[in-house]
$ cat final_10.cif   # mmCIF, C-alpha atoms and all ligand atoms
data_coords
#
loop_
_atom_site.label_atom_id
_atom_site.label_comp_id
_atom_site.auth_asym_id
_atom_site.auth_seq_id
_atom_site.Cartn_x
_atom_site.Cartn_y
_atom_site.Cartn_z
CA MET A 1 3.50 5.77 20.37
CA ARG A 2 5.21 8.78 21.91
CA SER A 3 8.63 7.45 20.99
CA GLY A 4 7.49 7.30 17.35
CA PHE A 5 6.88 11.05 17.36
CA GLU A 6 10.18 11.70 19.13
CA LYS A 7 12.20 9.70 16.60
CA LEU A 8 10.35 11.38 13.75
CA GLU A 9 10.83 14.91 15.10
CA LYS A 10 14.52 14.26 15.55
CA PHE A 11 14.82 12.97 12.01
CA ILE A 12 12.92 15.87 10.46
CA SER A 13 14.88 18.49 12.38
CA LYS A 14 18.20 16.86 11.45
CA TYR A 15 17.81 17.30 7.68
CA ASP A 16 16.58 19.98 5.28
CA ARG A 17 15.78 17.96 2.16
CA PHE A 18 13.69 14.85 1.84
CA ILE A 19 12.58 12.37 -0.74
CA ILE A 20 9.25 10.66 -0.04
CA SER A 21 8.46 7.28 -1.63
CA THR A 22 5.81 4.64 -1.28
CA HIS A 23 5.86 0.99 -2.31
CA GLN A 24 5.88 -0.43 -5.83
CA SER A 25 2.44 -0.82 -7.44
CA PRO A 26 1.33 2.11 -5.28
CA ASP A 27 -2.15 2.07 -3.77
CA ALA A 28 -4.44 4.85 -2.56
CA ASP A 29 -3.07 4.75 0.99
CA GLY A 30 0.55 5.04 -0.14
CA ILE A 31 -0.26 7.84 -2.58
CA GLY A 32 -2.52 9.67 -0.13
CA ALA A 33 0.13 9.48 2.59
CA CYS A 34 2.82 10.82 0.21
CA ILE A 35 0.73 13.85 -0.79
CA ALA A 36 -0.31 14.77 2.77
CA PHE A 37 3.18 14.22 4.19
CA ASN A 38 4.75 16.29 1.42
CA GLU A 39 2.47 19.18 2.39
CA LEU A 40 3.45 18.84 6.06
CA LEU A 41 7.18 18.89 5.27
CA ASN A 42 6.65 22.02 3.17
CA ASN A 43 4.75 23.61 6.07
CA LEU A 44 7.77 22.82 8.23
CA ASN A 45 9.90 24.75 5.71
CA LYS A 46 11.62 21.65 4.41
CA LYS A 47 12.29 20.85 0.79
CA SER A 48 10.73 17.57 -0.28
CA ILE A 49 10.12 15.61 -3.47
CA ILE A 50 7.84 12.63 -3.97
CA ILE A 51 9.53 9.96 -6.10
CA ASN A 52 7.99 6.53 -6.68
CA SER A 53 9.23 3.60 -8.72
CA ASP A 54 5.87 2.87 -10.35
CA PRO A 55 3.11 5.05 -11.84
CA THR A 56 0.11 6.21 -9.84
CA PRO A 57 -2.93 4.11 -10.90
CA ASP A 58 -5.43 6.08 -13.00
CA THR A 59 -8.15 5.73 -10.37
CA ILE A 60 -5.98 7.55 -7.79
CA LYS A 61 -4.55 10.30 -10.02
CA PHE A 62 -7.30 12.73 -8.93
CA CYS A 63 -5.51 13.02 -5.56
CA ASP A 64 -2.38 14.38 -7.21
CA THR A 65 -3.96 17.76 -7.99
CA ASP A 66 -0.63 19.58 -8.23
CA ASN A 67 1.23 16.86 -10.18
CA GLU A 68 3.67 16.39 -7.33
CA ILE A 69 4.31 12.69 -7.81
CA ASN A 70 7.39 11.85 -9.86
CA VAL A 71 7.78 8.36 -11.27
CA LEU A 72 11.10 6.70 -12.15
CA SER A 73 9.56 4.26 -14.63
CA GLU A 74 8.09 7.25 -16.48
CA GLY A 75 11.54 8.73 -16.98
CA PHE A 76 11.94 10.96 -13.93
CA LYS A 77 15.62 11.38 -13.09
CA LEU A 78 16.87 11.47 -9.50
CA PRO A 79 18.17 14.90 -8.42
CA GLU A 80 21.90 15.27 -9.07
CA ASP A 81 22.42 16.40 -5.48
CA ILE A 82 20.70 13.25 -4.16
CA GLU A 83 23.45 12.98 -1.52
CA ASP A 84 21.87 16.00 0.22
CA TYR A 85 18.54 14.24 0.78
CA ALA A 86 17.18 11.94 3.46
CA HIS A 87 14.58 9.36 2.45
CA PHE A 88 11.11 8.74 3.86
CA VAL A 89 9.51 5.41 2.90
CA LEU A 90 5.75 5.29 3.48
CA ASP A 91 3.24 2.43 3.73
CA THR A 92 5.74 -0.44 3.68
CA ASN A 93 8.48 -1.55 6.05
CA ASP A 94 10.08 -3.77 3.45
CA TYR A 95 12.71 -2.21 1.17
CA ASP A 96 12.36 -5.06 -1.28
CA ASN A 97 8.88 -3.69 -1.80
CA ILE A 98 9.69 -0.17 -3.03
CA GLY A 99 10.97 -1.16 -6.46
CA ILE A 100 14.02 0.12 -8.30
CA ILE A 101 14.28 3.30 -6.25
CA TYR A 102 15.80 1.45 -3.28
CA GLU A 103 18.77 0.08 -5.23
CA LEU A 104 19.28 3.48 -6.87
CA MET A 105 19.20 5.47 -3.65
CA LYS A 106 20.19 3.32 -0.69
CA ASP A 107 23.93 4.08 -0.82
CA ARG A 108 23.47 7.72 -1.79
CA VAL A 109 20.88 9.31 0.48
CA LYS A 110 21.88 10.61 3.91
CA ASP A 111 19.44 8.57 5.93
CA LEU A 112 16.23 6.56 5.86
CA PHE A 113 13.00 6.67 7.89
CA ILE A 114 9.96 4.39 7.64
CA ILE A 115 6.37 5.40 8.39
CA ASP A 116 4.03 2.43 8.20
CA HIS A 117 1.18 0.41 9.66
CA HIS A 118 2.16 -3.13 8.59
CA GLU A 119 3.45 -5.83 10.91
CA GLY A 120 6.88 -7.43 10.75
CA ARG A 121 10.38 -6.50 9.50
CA THR A 122 10.65 -3.54 11.90
CA GLU A 123 14.13 -4.65 12.86
CA LYS A 124 15.37 -3.65 9.43
CA ASN A 125 15.47 0.04 10.23
CA GLU A 126 15.73 1.62 13.64
CA ASP A 127 14.47 4.98 12.43
CA ASN A 128 10.81 4.31 12.03
CA PHE A 129 7.33 5.29 13.10
CA ILE A 130 5.28 2.12 12.90
CA ARG A 131 1.79 1.84 14.33
CA ALA A 132 0.38 -1.56 13.45
CA ASP A 133 -2.91 -0.58 15.10
CA ALA A 134 -3.48 2.30 12.65
CA SER A 135 -6.03 1.72 9.88
CA SER A 136 -3.67 3.13 7.30
CA THR A 137 -0.48 5.11 6.79
CA SER A 138 -2.70 8.06 5.85
CA GLU A 139 -4.17 7.93 9.37
CA ILE A 140 -0.65 8.04 10.84
CA ILE A 141 0.22 11.02 8.64
CA TYR A 142 -2.90 12.79 9.93
CA SER A 143 -1.73 12.19 13.51
CA ILE A 144 1.67 13.65 12.61
CA VAL A 145 0.09 16.77 11.08
CA LYS A 146 -1.93 17.19 14.31
CA HIS A 147 1.19 16.59 16.40
CA TYR A 148 2.91 19.48 14.65
CA ASN A 149 -0.28 21.52 14.93
CA LYS A 150 -0.17 22.35 11.23
CA PRO A 151 -3.19 23.10 9.03
CA LEU A 152 -4.64 20.64 6.55
CA THR A 153 -5.60 21.90 3.09
CA PHE A 154 -8.40 20.37 1.04
CA LYS A 155 -5.74 18.62 -1.06
CA ALA A 156 -4.18 16.87 1.93
CA ALA A 157 -7.58 16.11 3.50
CA GLN A 158 -8.75 14.53 0.25
CA ALA A 159 -5.56 12.47 0.00
CA ILE A 160 -5.86 11.27 3.61
CA TYR A 161 -9.57 10.45 3.26
CA THR A 162 -8.87 8.50 0.06
CA GLY A 163 -6.05 6.54 1.69
CA ILE A 164 -8.17 5.68 4.72
CA MET A 165 -11.24 4.77 2.65
CA PHE A 166 -9.14 2.43 0.52
CA ASP A 167 -7.25 0.71 3.34
CA THR A 168 -10.34 0.24 5.52
CA GLY A 169 -12.49 -1.15 2.70
CA SER A 170 -14.72 1.93 3.06
CA PHE A 171 -14.50 2.11 6.87
CA VAL A 172 -15.22 -1.49 7.83
CA TYR A 173 -11.97 -3.48 8.18
CA PRO A 174 -10.90 -4.49 11.73
CA LYS A 175 -8.48 -1.59 12.29
CA THR A 176 -11.21 0.98 11.60
CA SER A 177 -11.47 2.85 14.93
CA ALA A 178 -13.43 5.73 16.39
CA GLU A 179 -10.36 7.85 15.63
CA THR A 180 -10.54 6.74 11.97
CA TYR A 181 -14.10 8.10 11.82
CA ARG A 182 -13.07 11.31 13.59
CA ILE A 183 -10.37 11.90 10.99
CA ALA A 184 -12.86 11.17 8.21
CA ALA A 185 -15.31 13.63 9.78
CA HIS A 186 -12.63 16.32 9.86
CA CYS A 187 -11.83 15.67 6.19
CA VAL A 188 -15.53 16.01 5.30
CA GLU A 189 -15.61 19.30 7.25
CA LEU A 190 -12.78 20.41 4.98
CA LYS A 191 -15.14 19.83 2.00
CA VAL A 192 -14.03 16.35 0.97
CA LYS A 193 -17.01 14.66 -0.73
CA PRO A 194 -17.28 10.93 0.21
CA ILE A 195 -19.40 10.02 -2.83
CA LYS A 196 -16.85 11.67 -5.17
CA ILE A 197 -13.99 9.68 -3.67
CA HIS A 198 -16.04 6.48 -3.86
CA GLU A 199 -16.84 7.10 -7.54
CA GLN A 200 -13.19 7.79 -8.32
CA LEU A 201 -11.94 4.68 -6.55
CA TYR A 202 -14.65 2.12 -7.22
CA GLU A 203 -16.79 3.21 -10.18
CA ASN A 204 -14.00 4.22 -12.44
CA ASN A 205 -12.57 0.96 -13.76
CA SER A 206 -11.69 0.34 -17.39
CA LEU A 207 -13.53 -2.28 -19.45
CA SER A 208 -10.20 -4.05 -19.93
CA SER A 209 -9.81 -4.37 -16.17
CA PHE A 210 -13.29 -5.89 -16.00
CA ASN A 211 -12.25 -8.43 -18.63
CA LEU A 212 -9.12 -9.16 -16.62
CA LYS A 213 -11.25 -9.77 -13.54
CA LYS A 214 -13.34 -12.22 -15.57
CA LYS A 215 -10.20 -14.18 -16.49
CA ILE A 216 -8.88 -14.23 -12.92
CA LEU A 217 -12.23 -15.43 -11.57
CA SER A 218 -12.33 -18.18 -14.20
CA THR A 219 -9.23 -19.75 -12.60
CA LEU A 220 -10.82 -20.15 -9.19
CA GLU A 221 -10.41 -23.38 -7.30
CA VAL A 222 -12.34 -24.20 -4.13
CA PHE A 223 -10.79 -26.03 -1.18
CA HIS A 224 -11.80 -27.03 2.36
CA ASP A 225 -15.54 -27.21 1.73
CA GLY A 226 -15.65 -23.70 0.33
CA LYS A 227 -13.55 -22.02 3.02
CA LEU A 228 -10.55 -21.38 0.77
CA ILE A 229 -10.69 -20.00 -2.77
CA ALA A 230 -7.52 -19.76 -4.86
CA MET A 231 -7.02 -17.82 -8.11
CA LYS A 232 -4.28 -16.94 -10.60
CA LEU A 233 -3.23 -13.80 -12.43
CA THR A 234 -0.78 -14.50 -15.26
CA PRO A 235 1.16 -12.32 -17.72
CA GLU A 236 -0.88 -13.89 -20.53
CA MET A 237 -4.10 -12.53 -19.04
CA ILE A 238 -2.60 -9.04 -18.88
CA GLU A 239 -1.53 -9.29 -22.50
CA GLU A 240 -4.87 -10.67 -23.72
CA THR A 241 -7.01 -8.06 -21.99
CA GLY A 242 -4.76 -5.00 -22.27
CA ALA A 243 -5.39 -4.27 -18.59
CA SER A 244 -2.58 -3.50 -16.17
CA PHE A 245 -1.25 -5.85 -13.51
CA ALA A 246 -2.39 -3.42 -10.82
CA GLU A 247 -5.95 -3.52 -12.15
CA GLY A 248 -6.03 -7.26 -11.56
CA GLU A 249 -4.76 -7.20 -8.00
CA PRO A 250 -7.97 -6.07 -6.20
CA THR A 251 -9.79 -9.16 -7.50
CA ILE A 252 -8.32 -10.98 -4.51
CA ASN A 253 -11.09 -9.44 -2.40
CA GLN A 254 -13.94 -10.92 -4.47
CA PRO A 255 -14.00 -14.46 -2.99
CA LEU A 256 -14.56 -13.02 0.50
CA THR A 257 -17.96 -11.77 -0.68
CA VAL A 258 -19.06 -15.43 -0.86
CA ARG A 259 -20.75 -16.84 2.26
CA GLY A 260 -18.48 -19.30 4.06
CA VAL A 261 -15.24 -18.23 2.39
CA ILE A 262 -12.60 -17.46 5.02
CA VAL A 263 -9.39 -17.29 3.00
CA SER A 264 -8.69 -15.96 -0.49
CA LEU A 265 -5.45 -16.57 -2.38
CA LEU A 266 -4.19 -14.85 -5.52
CA VAL A 267 -0.91 -15.98 -7.06
CA LYS A 268 0.16 -13.34 -9.55
CA HIS A 269 2.93 -12.52 -11.99
CA ASP A 270 3.39 -9.33 -14.00
CA GLY A 271 5.81 -11.05 -16.38
CA VAL A 272 8.83 -9.06 -15.21
CA GLY A 273 9.30 -9.27 -11.45
CA PRO A 274 9.04 -12.26 -9.12
CA VAL A 275 5.88 -14.32 -8.73
CA LYS A 276 3.84 -12.86 -5.86
CA VAL A 277 1.45 -14.42 -3.40
CA SER A 278 -1.43 -12.37 -1.95
CA MET A 279 -3.67 -13.64 0.81
CA ARG A 280 -6.81 -12.28 2.45
CA SER A 281 -8.68 -13.78 5.37
CA LYS A 282 -11.44 -13.20 7.89
CA GLY A 283 -11.41 -13.25 11.69
CA ASP A 284 -8.64 -15.14 13.45
CA TYR A 285 -7.29 -16.83 10.34
CA ASN A 286 -3.82 -15.28 10.35
CA VAL A 287 -2.27 -15.03 6.89
CA ALA A 288 0.45 -12.59 8.06
CA GLN A 289 2.13 -15.52 9.82
CA ILE A 290 2.44 -17.41 6.54
CA ALA A 291 3.72 -14.28 4.80
CA LEU A 292 6.36 -13.74 7.48
CA GLU A 293 7.52 -17.36 7.22
CA ASN A 294 8.14 -16.65 3.53
CA ASN A 295 9.96 -13.33 4.10
CA GLY A 296 6.90 -11.25 3.31
CA GLY A 297 4.67 -9.11 5.48
CA GLY A 298 1.27 -7.59 6.00
CA HIS A 299 -1.60 -7.75 8.47
CA LYS A 300 -3.41 -10.68 10.07
CA ASN A 301 -6.15 -10.53 7.41
CA ALA A 302 -4.17 -9.20 4.42
CA ALA A 303 -0.62 -10.27 3.69
CA GLY A 304 1.71 -11.41 0.95
CA TYR A 305 5.18 -12.46 -0.09
CA GLN A 306 7.40 -12.81 -3.14
CA SER A 307 8.37 -16.23 -4.38
CA LYS A 308 11.62 -17.43 -5.90
CA LEU A 309 9.87 -20.43 -7.45
CA PRO A 310 8.14 -20.69 -10.85
CA PHE A 311 4.46 -19.81 -11.03
CA ASN A 312 2.85 -23.26 -10.67
CA GLU A 313 5.18 -24.40 -7.89
CA THR A 314 4.48 -21.14 -6.05
CA TYR A 315 0.75 -21.77 -6.39
CA GLU A 316 0.97 -25.37 -5.12
CA LEU A 317 3.18 -24.37 -2.19
CA ALA A 318 0.87 -21.47 -1.25
CA ILE A 319 -2.10 -23.86 -1.09
CA LYS A 320 -0.04 -26.24 1.02
CA ASN A 321 0.90 -23.41 3.41
CA LEU A 322 -2.72 -22.29 3.70
CA ASN A 323 -3.87 -25.85 4.38
CA LYS A 324 -2.16 -25.49 7.78
CA LEU A 325 -4.74 -22.88 8.75
CA PHE A 326 -7.47 -25.48 8.44
CA GLU A 327 -5.84 -28.32 10.40
MN MN B 1 -1.60 1.03 3.77
#
$ encode --input "final_10.cif" --output "structure tokens" --more "lines below"
Ligand SMILES: [Mn+2]
Amino acid sequence: MRSGFEKLEKFISKYDRFIISTHQSPDADGIGACIAFNELLNNLNKKSIIINSDPTPDTIKFCDTDNEINVLSEGFKLPEDIEDYAHFVLDTNDYDNIGIIYELMKDRVKDLFIIDHHEGRTEKNEDNFIRADASSTSEIIYSIVKHYNKPLTFKAAQAIYTGIMFDTGSFVYPKTSAETYRIAAHCVELKVKPIKIHEQLYENNSLSSFNLKKKILSTLEVFHDGKLIAMKLTPEMIEETGASFAEGEPTINQPLTVRGVIVSLLVKHDGVGPVKVSMRSKGDYNVAQIALENNGGGHKNAAGYQSKLPFNETYELAIKNLNKLFE
């Protein structure tokens, strides 16, 4: 862990200007980490800009109180002096996962550093701070703020709390530690209101997203005596409901609320990018292994990969891969 801080300190002291990005289809942890890390870099007298490929989901926009997040797909243009910046990538260790910004910036920025809590692909970039035991990237950012002994404003505390709450499934997933709760307690001391964050994240969905969920659930197929449930999210469903692709993605967690279900699969396509495979599991059922075998990544109980095959073939192959878990 110490070496992570050392590499990071060296990187931060080496450059004066930074761009901070999180993965495509950003989630609350990626967004929360960006906002809190941006504040830290400013407190260290560095210039930094948050630039993401994709828009911040509506349910997370409340974190961006100062409108600091710039989005390429909404027309934001990269700074002309982009060659003067180094790039921080947060909450993913897979460049293929940060959208168009990687292709636009990789040959232009001075350097690249990854801060993340996912497993796998660490060999891709030597400059990294990866703690696979951390509940979230937001938790890692908190530890970095503490390491530098810098203050935390309400804005950053709210962003960190939101990221942790999201990535721990409201403080229950396996990587939720005593330290996770200590950080949450500190955020609450800084006037973050847990019920407010919960309402923003989980009681703030659009009716169209609810209709999309209905369509996704209607595709469910049950395998292995009810231990595996598979579902589909297609471009047609997005079109018919008017919901966004991102609004459909969390439906993958629903099957795990059913007694006896151990693995949940969602094969999804937004109509533009590649077909994607998302997997969730319980206990020792390791879906990260399957993701890694298919050039993806994730955690033991939450992982995914991108497919080069058409939708239906991807679906059939994903079921076949998951069958191995039940042999
Ligand atoms: Mn995360």
$ residues_near_ligand --input "final_10.cif" --ligand "ligand MN 1 (chain B)" --cutoff "9 Å" --atoms "only C-alpha atoms and all ligand atoms" --output "list in words"
Asp27, Ala28, Asp29, Gly30, Ala33, Leu90, Asp91, Thr92, Asp116, His117, His118, Ser135, Ser136, Thr137, Ser138, Gly163, Ile164, Phe166, Asp167 and Thr168 of chain A
$ closest_residue --input "final_10.cif" --among "A:Leu309, A:Val263, A:Leu292, A:Leu112" --to "Leu325 of chain A" --atoms "all atoms listed in the file"
A:Val263
$ residues_around --input "final_10.cif" --residues "Phe37 of chain A" --least-positions-apart "2" --cutoff "9 Å" --atoms "only C-alpha atoms" --output "ChimeraX atom specification"
/A:20,32-35,39-42,138,141-142,144-145,156
$ write_last_selection --input "final_10.cif" --atoms "C-alpha atoms" --output "PDB file, keeping the file's coordinate frame"
ATOM      1  CA  ILE A  20       9.250  10.660  -0.040  1.00  0.00           C
ATOM      2  CA  GLY A  32      -2.520   9.670  -0.130  1.00  0.00           C
ATOM      3  CA  ALA A  33       0.130   9.480   2.590  1.00  0.00           C
ATOM      4  CA  CYS A  34       2.820  10.820   0.210  1.00  0.00           C
ATOM      5  CA  ILE A  35       0.730  13.850  -0.790  1.00  0.00           C
ATOM      6  CA  GLU A  39       2.470  19.180   2.390  1.00  0.00           C
ATOM      7  CA  LEU A  40       3.450  18.840   6.060  1.00  0.00           C
ATOM      8  CA  LEU A  41       7.180  18.890   5.270  1.00  0.00           C
ATOM      9  CA  ASN A  42       6.650  22.020   3.170  1.00  0.00           C
ATOM     10  CA  SER A 138      -2.700   8.060   5.850  1.00  0.00           C
ATOM     11  CA  ILE A 141       0.220  11.020   8.640  1.00  0.00           C
ATOM     12  CA  TYR A 142      -2.900  12.790   9.930  1.00  0.00           C
ATOM     13  CA  ILE A 144       1.670  13.650  12.610  1.00  0.00           C
ATOM     14  CA  VAL A 145       0.090  16.770  11.080  1.00  0.00           C
ATOM     15  CA  ALA A 156      -4.180  16.870   1.930  1.00  0.00           C
TER      16      ALA A 156
END
$ atom_distance --input "final_10.cif" --atom1 "atom CA of Glu189 of chain A" --atom2 "atom CA of Gly4 of chain A"
27.9 Å
$ atom_distance --input "final_10.cif" --atom1 "atom CA of Ile19 of chain A" --atom2 "atom CA of Phe88 of chain A"
6.0 Å
$ residues_around --input "final_10.cif" --residues "Tyr181 of chain A" --least-positions-apart "3" --cutoff "12 Å" --atoms "only C-alpha atoms" --output "ChimeraX atom specification"
/A:135,139,161,164-165,168,170-172,175-178,184-188
$ closest_residue --input "final_10.cif" --among "A:Gly226, A:Pro274, A:Pro255, A:Gly283" --to "Pro310 of chain A" --atoms "all atoms listed in the file"
A:Pro274
$ residues_around --input "final_10.cif" --residues "segment 319-323 of chain A" --least-positions-apart "5" --cutoff "12 Å" --atoms "only C-alpha atoms" --output "MDAnalysis selection string"
chainID A and resid 221:224 227:232 262:267 277:281 285:294 312:314
$ residues_near_point --input "final_10.cif" --point "(3.0, 0.2, -13.9)" --cutoff "7 Å" --atoms "only C-alpha atoms" --output "ChimeraX atom specification"
/A:25,54-55
$ residues_around --input "final_10.cif" --residues "Glu119 of chain A" --least-positions-apart "6" --cutoff "7 Å" --atoms "all atoms listed in the file" --output "PyMOL selection string"
chain A and resi 132+297-299
$ atom_distance --input "final_10.cif" --atom1 "atom CA of Val272 of chain A" --atom2 "atom CA of Phe245 of chain A"
10.7 Å
$ decode --input "final_10.cif" --residues "segment 44-68 of chain A" --atoms "N, CA and C atoms" --output "compact mmCIF listing (two decimals), in the first residue's frame"
# COMPACT_ATOMS: atom_id res chain seq x y z
N LEU A 44 -3.57 21.12 -3.44
CA LEU A 44 -2.11 20.95 -3.59
C LEU A 44 -1.55 21.96 -4.59
N ASN A 45 -2.38 22.97 -4.90
CA ASN A 45 -1.99 24.04 -5.83
C ASN A 45 -1.68 23.54 -7.24
N LYS A 46 -2.42 22.53 -7.66
CA LYS A 46 -2.29 22.04 -9.03
C LYS A 46 -3.51 22.48 -9.82
N LYS A 47 -3.33 22.62 -11.12
CA LYS A 47 -4.47 22.90 -11.98
C LYS A 47 -5.04 21.57 -12.45
N SER A 48 -6.36 21.40 -12.34
CA SER A 48 -6.92 20.14 -12.81
C SER A 48 -8.31 20.35 -13.40
N ILE A 49 -8.63 19.53 -14.37
CA ILE A 49 -9.92 19.58 -15.06
C ILE A 49 -10.49 18.17 -15.11
N ILE A 50 -11.78 18.05 -14.78
CA ILE A 50 -12.43 16.75 -14.93
C ILE A 50 -13.03 16.69 -16.33
N ILE A 51 -12.65 15.67 -17.10
CA ILE A 51 -13.23 15.48 -18.43
C ILE A 51 -13.62 14.01 -18.58
N ASN A 52 -14.90 13.75 -18.80
CA ASN A 52 -15.37 12.39 -19.04
C ASN A 52 -15.89 12.25 -20.47
N SER A 53 -15.93 11.01 -20.94
CA SER A 53 -16.48 10.77 -22.27
C SER A 53 -18.00 10.90 -22.28
N ASP A 54 -18.62 10.35 -21.22
CA ASP A 54 -20.09 10.26 -21.18
C ASP A 54 -20.68 11.15 -20.10
N PRO A 55 -21.96 11.53 -20.27
CA PRO A 55 -22.62 12.40 -19.30
C PRO A 55 -22.76 11.77 -17.92
N THR A 56 -22.82 12.61 -16.91
CA THR A 56 -23.12 12.17 -15.55
C THR A 56 -24.60 11.80 -15.48
N PRO A 57 -24.94 10.59 -14.99
CA PRO A 57 -26.37 10.24 -14.88
C PRO A 57 -27.12 11.26 -14.01
N ASP A 58 -28.38 11.49 -14.34
CA ASP A 58 -29.19 12.49 -13.62
C ASP A 58 -29.19 12.26 -12.11
N THR A 59 -29.24 10.98 -11.72
CA THR A 59 -29.34 10.68 -10.28
C THR A 59 -28.06 11.01 -9.51
N ILE A 60 -26.98 11.30 -10.23
CA ILE A 60 -25.70 11.60 -9.54
C ILE A 60 -25.33 13.08 -9.68
N LYS A 61 -26.07 13.80 -10.52
CA LYS A 61 -25.70 15.20 -10.80
C LYS A 61 -25.64 16.08 -9.54
N PHE A 62 -26.41 15.70 -8.50
CA PHE A 62 -26.41 16.53 -7.28
C PHE A 62 -25.02 16.63 -6.66
N CYS A 63 -24.15 15.65 -6.94
CA CYS A 63 -22.78 15.69 -6.39
C CYS A 63 -21.95 16.80 -7.04
N ASP A 64 -22.28 17.12 -8.27
CA ASP A 64 -21.47 18.07 -9.04
C ASP A 64 -21.96 19.49 -8.77
N THR A 65 -21.88 19.92 -7.51
CA THR A 65 -22.47 21.19 -7.09
C THR A 65 -21.85 22.39 -7.80
N ASP A 66 -20.61 22.30 -8.19
CA ASP A 66 -19.95 23.44 -8.84
C ASP A 66 -19.82 23.26 -10.36
N ASN A 67 -20.59 22.33 -10.92
CA ASN A 67 -20.52 22.07 -12.37
C ASN A 67 -19.10 21.92 -12.87
N GLU A 68 -18.36 21.03 -12.22
CA GLU A 68 -16.94 20.86 -12.55
C GLU A 68 -16.71 19.78 -13.59
